[in-house]
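Asks: Here you go, this is final13.txt (compact mmCIF, C-alpha atoms).
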```
# COMPACT_ATOMS: atom_id res chain seq x y z
CA MET N 1 -8.21 -50.56 -31.00
CA LEU N 2 -9.18 -48.29 -28.12
CA ARG N 3 -6.33 -46.03 -29.08
CA ILE N 4 -7.63 -45.66 -32.62
CA VAL N 5 -11.15 -44.90 -31.37
CA CYS N 6 -9.79 -42.25 -29.01
CA PHE N 7 -7.73 -40.74 -31.79
CA VAL N 8 -10.67 -40.55 -34.18
CA LEU N 9 -12.89 -39.05 -31.46
CA ALA N 10 -10.22 -36.46 -30.68
CA MET N 11 -9.93 -35.53 -34.34
CA VAL N 12 -13.68 -35.13 -34.72
CA ALA N 13 -14.03 -33.12 -31.50
CA SER N 14 -11.18 -30.75 -32.36
CA GLY N 15 -12.75 -30.03 -35.72
CA MET N 16 -15.98 -29.03 -34.03
CA ALA N 17 -14.30 -26.76 -31.51
CA PHE N 18 -12.52 -24.98 -34.33
CA ALA N 19 -15.68 -24.56 -36.35
CA GLU N 20 -17.51 -23.00 -33.43
CA VAL N 21 -15.29 -19.96 -32.92
CA SER N 22 -15.09 -18.76 -36.48
CA ASP N 23 -17.35 -15.75 -36.65
CA VAL N 24 -17.85 -14.15 -40.00
CA TYR N 25 -16.10 -10.87 -40.63
CA ASP N 26 -15.52 -9.43 -44.06
CA PHE N 27 -12.20 -7.90 -44.96
CA GLU N 28 -11.38 -5.94 -48.06
CA THR N 29 -7.90 -7.34 -48.47
CA ARG N 30 -6.01 -10.47 -47.53
CA THR N 31 -3.46 -8.44 -45.60
CA GLU N 32 -6.20 -6.93 -43.45
CA GLU N 33 -7.49 -10.39 -42.70
CA ARG N 34 -3.97 -11.55 -41.80
CA ARG N 35 -3.61 -8.53 -39.52
CA TYR N 36 -6.88 -9.40 -37.79
CA GLN N 37 -5.81 -13.01 -37.31
CA ASP N 38 -2.43 -11.91 -35.91
CA LEU N 39 -4.07 -9.49 -33.50
CA ILE N 40 -6.61 -11.91 -32.09
CA SER N 41 -4.01 -14.64 -31.73
CA GLU N 42 -1.76 -12.46 -29.56
CA LEU N 43 -4.53 -11.18 -27.29
CA ARG N 44 -5.42 -13.27 -24.29
CA CYS N 45 -8.93 -14.03 -23.10
CA PRO N 46 -9.42 -12.55 -19.60
CA LYS N 47 -12.09 -15.09 -18.65
CA CYS N 48 -10.20 -18.22 -19.68
CA GLN N 49 -6.98 -19.61 -18.38
CA ASN N 50 -4.35 -19.19 -21.05
CA GLN N 51 -6.31 -19.13 -24.27
CA ASN N 52 -6.10 -16.43 -26.88
CA ILE N 53 -9.27 -14.73 -28.04
CA ALA N 54 -8.96 -16.41 -31.43
CA ASP N 55 -9.43 -19.85 -29.85
CA SER N 56 -11.90 -19.10 -27.10
CA ASN N 57 -15.70 -19.23 -27.46
CA SER N 58 -16.38 -17.35 -24.26
CA PRO N 59 -18.75 -14.39 -24.76
CA ILE N 60 -16.08 -11.91 -23.70
CA SER N 61 -13.69 -13.20 -26.38
CA LYS N 62 -16.44 -12.81 -28.96
CA ASP N 63 -16.95 -9.21 -27.82
CA MET N 64 -13.22 -8.57 -27.97
CA ARG N 65 -12.96 -9.98 -31.50
CA GLY N 66 -15.85 -7.73 -32.49
CA ALA N 67 -14.10 -4.73 -30.93
CA VAL N 68 -10.84 -5.56 -32.73
CA TYR N 69 -12.70 -5.82 -36.02
CA GLN N 70 -14.58 -2.58 -35.41
CA MET N 71 -11.43 -0.67 -34.51
CA MET N 72 -9.70 -2.00 -37.63
CA GLN N 73 -12.59 -0.76 -39.73
CA ASP N 74 -12.22 2.63 -38.05
CA GLY N 75 -8.59 2.70 -39.14
CA ALA N 76 -6.88 2.16 -35.77
CA SER N 77 -3.28 0.96 -35.67
CA ASN N 78 -2.28 -2.31 -33.99
CA ASP N 79 -0.89 -0.43 -30.99
CA GLU N 80 -4.06 1.58 -30.59
CA ILE N 81 -6.18 -1.57 -30.68
CA VAL N 82 -4.07 -3.43 -28.15
CA ASN N 83 -3.83 -0.39 -25.86
CA SER N 84 -7.56 0.18 -25.87
CA LEU N 85 -8.11 -3.40 -24.74
CA VAL N 86 -5.33 -3.16 -22.13
CA ASN N 87 -6.97 -0.01 -20.76
CA ARG N 88 -10.13 -1.98 -20.14
CA PHE N 89 -8.97 -5.44 -19.20
CA GLY N 90 -5.44 -4.83 -17.97
CA GLU N 91 -1.96 -5.95 -18.97
CA PHE N 92 -3.20 -9.56 -18.60
CA VAL N 93 -4.67 -9.58 -22.12
CA LYS N 94 -1.24 -9.16 -23.70
CA TYR N 95 0.75 -12.30 -24.25
CA LYS N 96 3.86 -10.13 -24.67
CA PRO N 97 4.01 -7.76 -21.69
CA ASP N 98 5.90 -4.47 -22.00
CA LEU N 99 9.38 -4.25 -20.57
CA ASP N 100 9.14 -2.30 -17.33
CA LYS N 101 10.15 -2.53 -13.68
CA ARG N 102 7.62 -5.25 -12.89
CA THR N 103 8.32 -7.44 -15.89
CA PHE N 104 12.09 -6.90 -15.92
CA ILE N 105 12.84 -10.24 -14.23
CA LEU N 106 10.53 -12.01 -16.67
CA TRP N 107 12.36 -10.65 -19.69
CA ALA N 108 15.81 -10.95 -18.13
CA THR N 109 15.47 -14.59 -17.05
CA PRO N 110 16.36 -16.13 -20.46
CA VAL N 111 19.44 -13.88 -20.73
CA ILE N 112 20.48 -14.70 -17.18
CA ALA N 113 19.95 -18.41 -17.84
CA VAL N 114 22.02 -18.32 -21.04
CA PHE N 115 24.88 -16.44 -19.36
CA GLY N 116 24.72 -18.75 -16.36
CA GLY N 117 24.93 -21.73 -18.70
CA LEU N 118 27.86 -20.21 -20.59
CA ILE N 119 29.72 -19.59 -17.33
CA VAL N 120 29.16 -23.20 -16.21
CA VAL N 121 30.28 -24.59 -19.60
CA ALA N 122 33.31 -22.30 -19.66
CA GLY N 123 34.21 -23.43 -16.15
CA ILE N 124 33.99 -27.10 -17.11
CA VAL N 125 36.06 -26.60 -20.29
CA LEU N 126 38.73 -24.57 -18.50
CA ARG N 127 39.05 -27.07 -15.71
CA SER N 128 39.30 -30.10 -17.97
CA ARG N 129 41.91 -28.33 -20.07
CA ARG N 130 43.98 -27.50 -17.02
CA SER N 131 43.81 -31.01 -15.59
CA GLY N 132 44.50 -32.45 -19.08
CA ASN N 133 47.72 -30.41 -19.31
CA SER N 134 48.98 -31.68 -16.01
CA THR N 135 48.74 -35.35 -17.13
CA GLU N 136 50.41 -34.68 -20.45
CA ALA N 137 53.37 -32.78 -19.17
CA LEU N 138 56.05 -35.07 -17.82
CA SER N 139 58.66 -34.11 -15.35
CA ALA N 140 62.30 -34.31 -16.43
CA GLU N 141 62.76 -37.39 -14.29
CA GLU N 142 59.84 -39.21 -15.97
CA GLN N 143 61.10 -38.23 -19.41
CA ALA N 144 64.53 -39.61 -18.58
CA ARG N 145 62.95 -42.87 -17.41
CA ILE N 146 60.97 -43.23 -20.63
CA ASP N 147 64.09 -42.62 -22.69
CA ARG N 148 65.93 -45.27 -20.72
CA ILE N 149 63.14 -47.86 -21.17
CA LEU N 150 62.85 -47.18 -24.90
CA ALA N 151 66.59 -47.38 -25.39
CA GLU N 152 66.68 -50.68 -23.51
CA ARG N 153 63.89 -52.15 -25.63
CA GLU N 154 65.62 -51.07 -28.82
CA ARG N 155 68.78 -52.76 -27.68
CA ASN N 156 66.83 -55.98 -26.93
CA ASP N 157 65.19 -55.88 -30.39
CA ASN N 158 68.51 -55.49 -32.09
CA ALA N 159 70.05 -58.32 -30.17
CA MET K 1 34.90 -23.16 -5.12
CA LYS K 2 34.09 -26.86 -4.61
CA ARG K 3 32.52 -26.14 -1.27
CA PHE K 4 30.41 -23.37 -2.77
CA LEU K 5 29.10 -25.78 -5.40
CA LEU K 6 27.74 -27.98 -2.60
CA PHE K 7 25.40 -25.15 -1.61
CA LEU K 8 24.19 -24.57 -5.16
CA PRO K 9 21.18 -26.98 -4.97
CA LEU K 10 20.08 -25.32 -1.74
CA LEU K 11 20.35 -21.91 -3.36
CA VAL K 12 18.32 -23.02 -6.36
CA ALA K 13 15.69 -24.66 -4.13
CA VAL K 14 15.31 -21.52 -2.01
CA THR K 15 14.98 -19.26 -5.08
CA VAL K 16 12.43 -21.49 -6.81
CA GLY K 17 10.61 -22.00 -3.51
CA TYR K 18 10.36 -18.26 -2.99
CA PHE K 19 8.66 -17.72 -6.34
CA LEU K 20 6.36 -20.73 -5.97
CA TYR K 21 5.41 -19.68 -2.44
CA ALA K 22 4.41 -16.25 -3.73
CA GLY K 23 1.90 -17.96 -6.02
CA ILE K 24 0.25 -20.10 -3.35
CA GLY K 25 -3.30 -19.03 -2.50
CA LYS K 26 -3.58 -16.72 -5.48
CA ASP K 27 -6.68 -17.31 -7.54
CA PRO K 28 -5.61 -17.02 -11.17
CA THR K 29 -9.19 -16.40 -12.30
CA LYS K 30 -9.33 -13.10 -10.39
CA LEU K 31 -7.70 -10.15 -12.08
CA ASP K 32 -7.06 -6.65 -10.81
CA SER K 33 -9.18 -4.20 -12.70
CA ALA K 34 -7.37 -1.95 -15.14
CA LEU K 35 -9.80 0.80 -14.13
CA VAL K 36 -8.72 1.16 -10.52
CA GLY K 37 -7.83 4.82 -10.02
CA LYS K 38 -9.63 5.88 -13.18
CA PRO K 39 -13.07 7.46 -13.49
CA VAL K 40 -16.08 5.41 -14.56
CA PRO K 41 -16.09 5.43 -18.38
CA GLU K 42 -18.52 7.74 -20.13
CA PHE K 43 -21.78 6.11 -21.13
CA GLU K 44 -25.34 6.83 -22.13
CA LEU K 45 -27.72 3.98 -21.40
CA LYS K 46 -31.36 3.66 -20.56
CA ASP K 47 -32.71 3.02 -17.10
CA LEU K 48 -34.05 -0.51 -16.62
CA GLN K 49 -37.23 0.46 -14.78
CA SER K 50 -37.99 3.68 -16.64
CA PRO K 51 -36.94 3.17 -20.26
CA ASP K 52 -37.38 6.86 -21.11
CA THR K 53 -34.69 8.00 -18.71
CA VAL K 54 -31.13 8.03 -20.01
CA ARG K 55 -28.43 7.51 -17.43
CA ASN K 56 -24.81 8.57 -17.65
CA GLU K 57 -21.62 8.61 -15.56
CA SER K 58 -22.86 11.53 -13.44
CA LEU K 59 -24.84 8.87 -11.55
CA PHE K 60 -21.65 8.14 -9.62
CA ARG K 61 -20.81 11.68 -8.51
CA LYS K 62 -22.92 11.86 -5.37
CA GLU K 63 -21.67 9.35 -2.83
CA ILE K 64 -19.64 6.18 -2.51
CA THR K 65 -21.50 3.47 -4.39
CA LEU K 66 -21.23 -0.17 -5.27
CA LEU K 67 -21.72 -0.90 -8.95
CA ASN K 68 -23.00 -4.43 -9.21
CA VAL K 69 -22.92 -6.18 -12.60
CA TRP K 70 -25.64 -8.80 -12.90
CA GLY K 71 -27.92 -10.66 -15.28
CA THR K 72 -30.76 -13.13 -14.95
CA TRP K 73 -28.70 -15.66 -16.92
CA CYS K 74 -26.07 -15.71 -14.19
CA PRO K 75 -26.60 -18.29 -11.42
CA ALA K 76 -24.03 -16.73 -9.11
CA CYS K 77 -25.97 -13.46 -9.29
CA ARG K 78 -28.99 -15.26 -7.86
CA ASP K 79 -26.70 -16.54 -5.16
CA GLU K 80 -25.55 -13.08 -4.06
CA HIS K 81 -28.92 -11.37 -4.42
CA ASP K 82 -30.03 -11.91 -0.82
CA ASP K 83 -26.77 -10.49 0.44
CA LEU K 84 -27.19 -7.42 -1.76
CA MET K 85 -30.67 -7.00 -0.25
CA TRP K 86 -29.09 -7.22 3.20
CA LEU K 87 -26.46 -4.62 2.28
CA ALA K 88 -29.04 -2.20 0.92
CA ARG K 89 -31.50 -2.63 3.77
CA ASP K 90 -29.41 -3.21 6.88
CA LYS K 91 -26.16 -1.50 5.97
CA ASN K 92 -27.59 1.38 3.97
CA VAL K 93 -25.15 0.83 1.14
CA ALA K 94 -25.89 2.66 -2.11
CA ILE K 95 -25.90 0.03 -4.84
CA ILE K 96 -26.28 0.78 -8.53
CA GLY K 97 -27.04 -2.18 -10.76
CA LEU K 98 -25.71 -2.81 -14.23
CA ASN K 99 -28.03 -5.26 -15.94
CA TYR K 100 -25.54 -6.88 -18.28
CA LYS K 101 -26.43 -8.65 -21.55
CA ASP K 102 -29.92 -9.41 -20.39
CA ASN K 103 -33.44 -8.61 -21.53
CA ARG K 104 -35.69 -6.14 -19.82
CA ASP K 105 -38.69 -8.39 -19.15
CA ASP K 106 -36.64 -11.09 -17.44
CA ALA K 107 -34.75 -8.53 -15.41
CA LEU K 108 -37.92 -6.77 -14.21
CA LYS K 109 -39.52 -10.07 -13.28
CA TRP K 110 -36.38 -11.01 -11.32
CA LEU K 111 -36.47 -7.76 -9.32
CA ASN K 112 -40.21 -8.16 -8.65
CA GLN K 113 -39.77 -11.67 -7.36
CA LEU K 114 -36.54 -11.36 -5.41
CA GLY K 115 -36.66 -7.72 -4.33
CA ASP K 116 -34.77 -4.71 -5.59
CA PRO K 117 -31.58 -3.75 -3.75
CA TYR K 118 -30.60 -1.14 -6.34
CA GLN K 119 -31.01 2.63 -6.27
CA THR K 120 -30.90 2.63 -10.03
CA VAL K 121 -30.40 -0.11 -12.58
CA ILE K 122 -28.61 0.69 -15.83
CA TYR K 123 -29.85 -1.40 -18.72
CA ASP K 124 -26.95 -2.62 -20.88
CA PRO K 125 -28.32 -5.32 -23.19
CA LYS K 126 -25.32 -5.28 -25.54
CA GLY K 127 -22.77 -5.08 -22.76
CA THR K 128 -21.13 -1.88 -24.00
CA LEU K 129 -20.58 -0.30 -20.59
CA GLY K 130 -19.61 -3.74 -19.31
CA PHE K 131 -16.97 -3.92 -22.01
CA ASP K 132 -15.61 -0.47 -21.16
CA LEU K 133 -15.46 -1.49 -17.50
CA GLY K 134 -13.49 -4.61 -18.41
CA VAL K 135 -16.22 -6.92 -17.14
CA TYR K 136 -15.34 -10.47 -18.13
CA GLY K 137 -18.02 -12.34 -16.24
CA ALA K 138 -20.81 -11.66 -13.86
CA PRO K 139 -21.19 -11.04 -11.03
CA GLU K 140 -18.63 -8.29 -10.58
CA THR K 141 -18.85 -5.50 -8.04
CA PHE K 142 -17.00 -2.19 -8.29
CA VAL K 143 -16.43 0.22 -5.43
CA ILE K 144 -16.76 3.77 -6.78
CA ASP K 145 -15.93 6.80 -4.68
CA ALA K 146 -17.90 10.05 -4.47
CA SER K 147 -15.95 11.65 -7.29
CA GLY K 148 -16.78 8.78 -9.63
CA VAL K 149 -13.38 7.08 -9.52
CA VAL K 150 -13.16 3.27 -9.43
CA ARG K 151 -11.47 2.17 -6.19
CA TYR K 152 -11.77 -1.58 -6.40
CA ARG K 153 -13.28 -4.41 -8.41
CA HIS K 154 -14.45 -7.67 -6.85
CA VAL K 155 -14.95 -10.61 -9.20
CA GLY K 156 -17.45 -13.20 -7.98
CA VAL K 157 -20.17 -13.40 -5.41
CA VAL K 158 -20.55 -10.75 -2.71
CA ASN K 159 -21.51 -12.17 0.67
CA LYS K 160 -21.20 -11.08 4.28
CA GLU K 161 -17.62 -12.25 4.48
CA VAL K 162 -16.56 -10.45 1.30
CA TRP K 163 -18.34 -7.35 2.54
CA GLU K 164 -16.58 -7.30 5.88
CA GLN K 165 -13.13 -8.35 4.78
CA VAL K 166 -12.84 -6.84 1.31
CA LEU K 167 -15.38 -4.19 0.40
CA LEU K 168 -15.84 -2.40 3.72
CA PRO K 169 -12.12 -1.64 4.17
CA VAL K 170 -11.99 -0.18 0.64
CA ILE K 171 -15.07 1.94 1.34
CA ASN K 172 -13.67 3.19 4.64
CA ASP K 173 -10.47 4.07 2.85
CA ALA K 174 -12.39 5.96 0.17
CA GLN K 175 -14.30 7.82 2.86
CA GLU K 176 -11.17 8.93 4.66
CA SER K 177 -9.35 10.15 1.60
CA SER K 178 -12.21 12.13 0.12
```
Represent the structure from my file as structure tokens, please.

Replies:
Amino acid sequence: MLRIVCFVLAMVASGMAFAEVSDVYDFETRTEERRYQDLISELRCPKCQNQNIADSNSPISKDMRGAVYQMMQDGASNDEIVNSLVNRFGEFVKYKPDLDKRTFILWATPVIAVFGGLIVVAGIVLRSRRSGNSTEALSAEEQARIDRILAERERNDNA
Amino acid sequence: MKRFLLFLPLLVAVTVGYFLYAGIGKDPTKLDSALVGKPVPEFELKDLQSPDTVRNESLFRKEITLLNVWGTWCPACRDEHDDLMWLARDKNVAIIGLNYKDNRDDALKWLNQLGDPYQTVIYDPKGTLGFDLGVYGAPETFVIDASGVVRYRHVGVVNKEVWEQVLLPVINDAQESS
């Protein structure tokens, strides 16, 4: 019961939070509106911890949404809009930082992790294959012994 | 090879530990200003006390100044006000105020009641200069050198400790290099 109440409360509360941030901006086309939504969802609110400016109701996010809208109306490109905000608030507002000396490790980590994983897997496969071979291959002596045992059994069956 | 593998967990722990240790004590709510090393953005805004006077960025071309962003709606600004008074009076620091997203009557009443530590107060009701400065909350205090270049931005309250340990070294540095 408590679980259901909590769930319902959570649903209601999330609806309200969503309703609060939607400010009204008019766009001439659907694509422009999509572009606006994409831009504000990939810009990060400097005041909040890990929220994009689309989701945040902080005053600074509201100002930033207004600035994005204004720049779009003035015909700025996506890069120009993002750069103008980075020039004011710093690299922090970008969820996707540029690739440079500082962020190299950040971008390289997934590649390093994948290659590391591949090397480990390759090592495991190679080793198991090698050890598998050594149990399969029989020495001449063992082969001779098997032949002798089989021949003996065949003789017993026939008898 | 086998023996090397035994040291692998240690290696991983040291690497992860190194990166985690680097993050300890860092306040994630404080960001470096993107304006450090750049001149104060151009602006034209009215003076708070004399509405007929228009102020611009040439205000920062005389001496090393602190630019303090404040508003009457900001409780932490009330908190630091006495220390700003102390800086202006006892330390002879030139402080310029940026009254951010506020209204003139409230701001004037505040300065009448609590005292006025500012040489000049720029009135920015819409927060346009604040936006260009990358202000994301008040109070914020910028150190600006005599040629109008931003040297440092402090987010949060200024008090005696912040003055001695953070702002004063930056100011001394700015004095030496200019």

Asks: Can you list, as a list in words, every protein, DNA or RNA residue that comes within 7 Å of range 145-161 of chain K when you count only C-alpha atoms, leaving out same-chain residues fewer than 6 positions away?

Replies: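 Answer for this query is Lys30, Ser33, Leu35, Val36, Gly37, Lys38, Pro39, Val40, Phe60, Arg61, Lys62, Glu63, Ile64, Thr65, Ala76, Cys77, Glu80, Asp83, Ala138, Pro139 and Ala174 of chain K.
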
Asks: Distance limit 7 Å, atoms considered: all atoms listed in the file. Which chain N residues sit that close to chain K? Return them as a PyMOL selection string.

Replies: chain N and resi 46-47+60+87-90

Asks: Find the axis-aligned box for range 23-31 of chain N, covering all its listed atoms and adding 4 Å on each side, and write its centre and edge lengths in Å to one decimal as AutoDock Vina command-line options.

Replies:
```
--center_x -10.7 --center_y -10.8 --center_z -42.6 --size_x 22.4 --size_y 17.8 --size_z 19.8
```

Asks: Quick one: residues within 9 Å of range 67-74 of chain N, all atoms listed in the file, excluding same-chain residues fewer than 6 positions away - as a VMD selection string?

Replies: chain N and resid 25 27 32 36 39 to 40 80 to 82 85

Asks: Report as number ranges by chain all protein, DNA and RNA residues lying within 12 Å of Thr120 in chain K, evaluated on only C-alpha atoms, omitting residues in the same chain fewer than 6 positions from it.

Replies: K: 45-51, 53-56, 59-60, 65-68, 94-99, 111

Asks: Fewer than 6 positions away in the same chain doesn't count, so skip those; otherwise give me all residues within 10 Å of Asp102 in chain K, counting all atoms listed in the file, as a ChimeraX atom specification.

Replies: /K:70-74,123-127

Asks: Do you know which residues are at most 9 Å from range 86-92 of chain K counting only C-alpha atoms, after dropping those on the same chain fewer than 6 positions away, and could you put them as an NGL selection string?

Replies: :K and (117-119 or 160 or 163)

Asks: Would you compute the distance between CA of Val93 in chain N and CA of Cys45 in chain N? Give it in Å to one decimal.

Replies: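 Between CA of Val93 in chain N and CA of Cys45 in chain N the gap works out to 6.2 Å.
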
Asks: Quick one: distance from CA of Ile53 in chain N to CA of Val86 in chain N in Å, one decimal?

Replies: 13.6 Å

Asks: State, in Å with one decimal place, the distance from CA of Asn83 in chain N to CA of Pro97 in chain N.

Replies: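 Rounded to one decimal, the two atoms are 11.5 Å apart.
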
Asks: Could you tell me which of N:Ile146, N:Ala159, N:Ala140, N:Val120 comes closest to Leu5 in chain K if we count all atoms listed in the file?

Replies: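 So, comparing all the options, the nearest one is N:Val120.
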
Asks: Mind writing range 114-159 of chain K to a file for me, with C-alpha atoms, as a JSON list (two decimals), in the first residue's frame?

Replies:
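Result saved to part-v2.json:
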```json
[["chain", "number", "residue", "atom", "x", "y", "z"],
["K", 114, "LEU", "CA", 23.83, 48.84, 6.40],
["K", 115, "GLY", "CA", 26.34, 51.34, 5.05],
["K", 116, "ASP", "CA", 27.85, 51.72, 1.62],
["K", 117, "PRO", "CA", 31.22, 50.05, 1.00],
["K", 118, "TYR", "CA", 31.14, 50.75, -2.74],
["K", 119, "GLN", "CA", 32.85, 53.48, -4.75],
["K", 120, "THR", "CA", 30.21, 53.07, -7.40],
["K", 121, "VAL", "CA", 27.26, 50.73, -7.75],
["K", 122, "ILE", "CA", 26.21, 49.60, -11.22],
["K", 123, "TYR", "CA", 22.49, 48.97, -11.47],
["K", 124, "ASP", "CA", 21.77, 45.79, -13.45],
["K", 125, "PRO", "CA", 18.10, 44.92, -12.88],
["K", 126, "LYS", "CA", 17.91, 42.45, -15.78],
["K", 127, "GLY", "CA", 21.25, 40.87, -15.04],
["K", 128, "THR", "CA", 22.75, 41.55, -18.47],
["K", 129, "LEU", "CA", 26.25, 42.42, -17.28],
["K", 130, "GLY", "CA", 25.94, 39.60, -14.76],
["K", 131, "PHE", "CA", 25.22, 37.23, -17.62],
["K", 132, "ASP", "CA", 28.20, 38.46, -19.64],
["K", 133, "LEU", "CA", 30.40, 38.00, -16.57],
["K", 134, "GLY", "CA", 29.17, 34.43, -16.18],
["K", 135, "VAL", "CA", 27.59, 35.15, -12.80],
["K", 136, "TYR", "CA", 25.55, 32.13, -11.75],
["K", 137, "GLY", "CA", 24.67, 33.14, -8.23],
["K", 138, "ALA", "CA", 25.35, 35.91, -5.82],
["K", 139, "PRO", "CA", 27.50, 36.83, -4.07],
["K", 140, "GLU", "CA", 30.43, 36.67, -6.44],
["K", 141, "THR", "CA", 33.53, 38.83, -6.24],
["K", 142, "PHE", "CA", 35.90, 39.50, -9.14],
["K", 143, "VAL", "CA", 39.42, 40.85, -8.82],
["K", 144, "ILE", "CA", 40.05, 43.25, -11.71],
["K", 145, "ASP", "CA", 43.46, 44.73, -12.38],
["K", 146, "ALA", "CA", 44.25, 48.33, -13.33],
["K", 147, "SER", "CA", 43.97, 47.62, -17.04],
["K", 148, "GLY", "CA", 40.47, 46.23, -16.62],
["K", 149, "VAL", "CA", 41.38, 42.55, -16.96],
["K", 150, "VAL", "CA", 39.67, 39.96, -14.75],
["K", 151, "ARG", "CA", 42.27, 38.24, -12.56],
["K", 152, "TYR", "CA", 40.12, 36.05, -10.36],
["K", 153, "ARG", "CA", 36.54, 35.23, -9.46],
["K", 154, "HIS", "CA", 35.47, 34.17, -5.98],
["K", 155, "VAL", "CA", 32.09, 32.48, -5.65],
["K", 156, "GLY", "CA", 30.45, 32.84, -2.25],
["K", 157, "VAL", "CA", 30.86, 35.01, 0.78],
["K", 158, "VAL", "CA", 33.92, 37.23, 1.25],
["K", 159, "ASN", "CA", 35.17, 37.33, 4.82]]
```
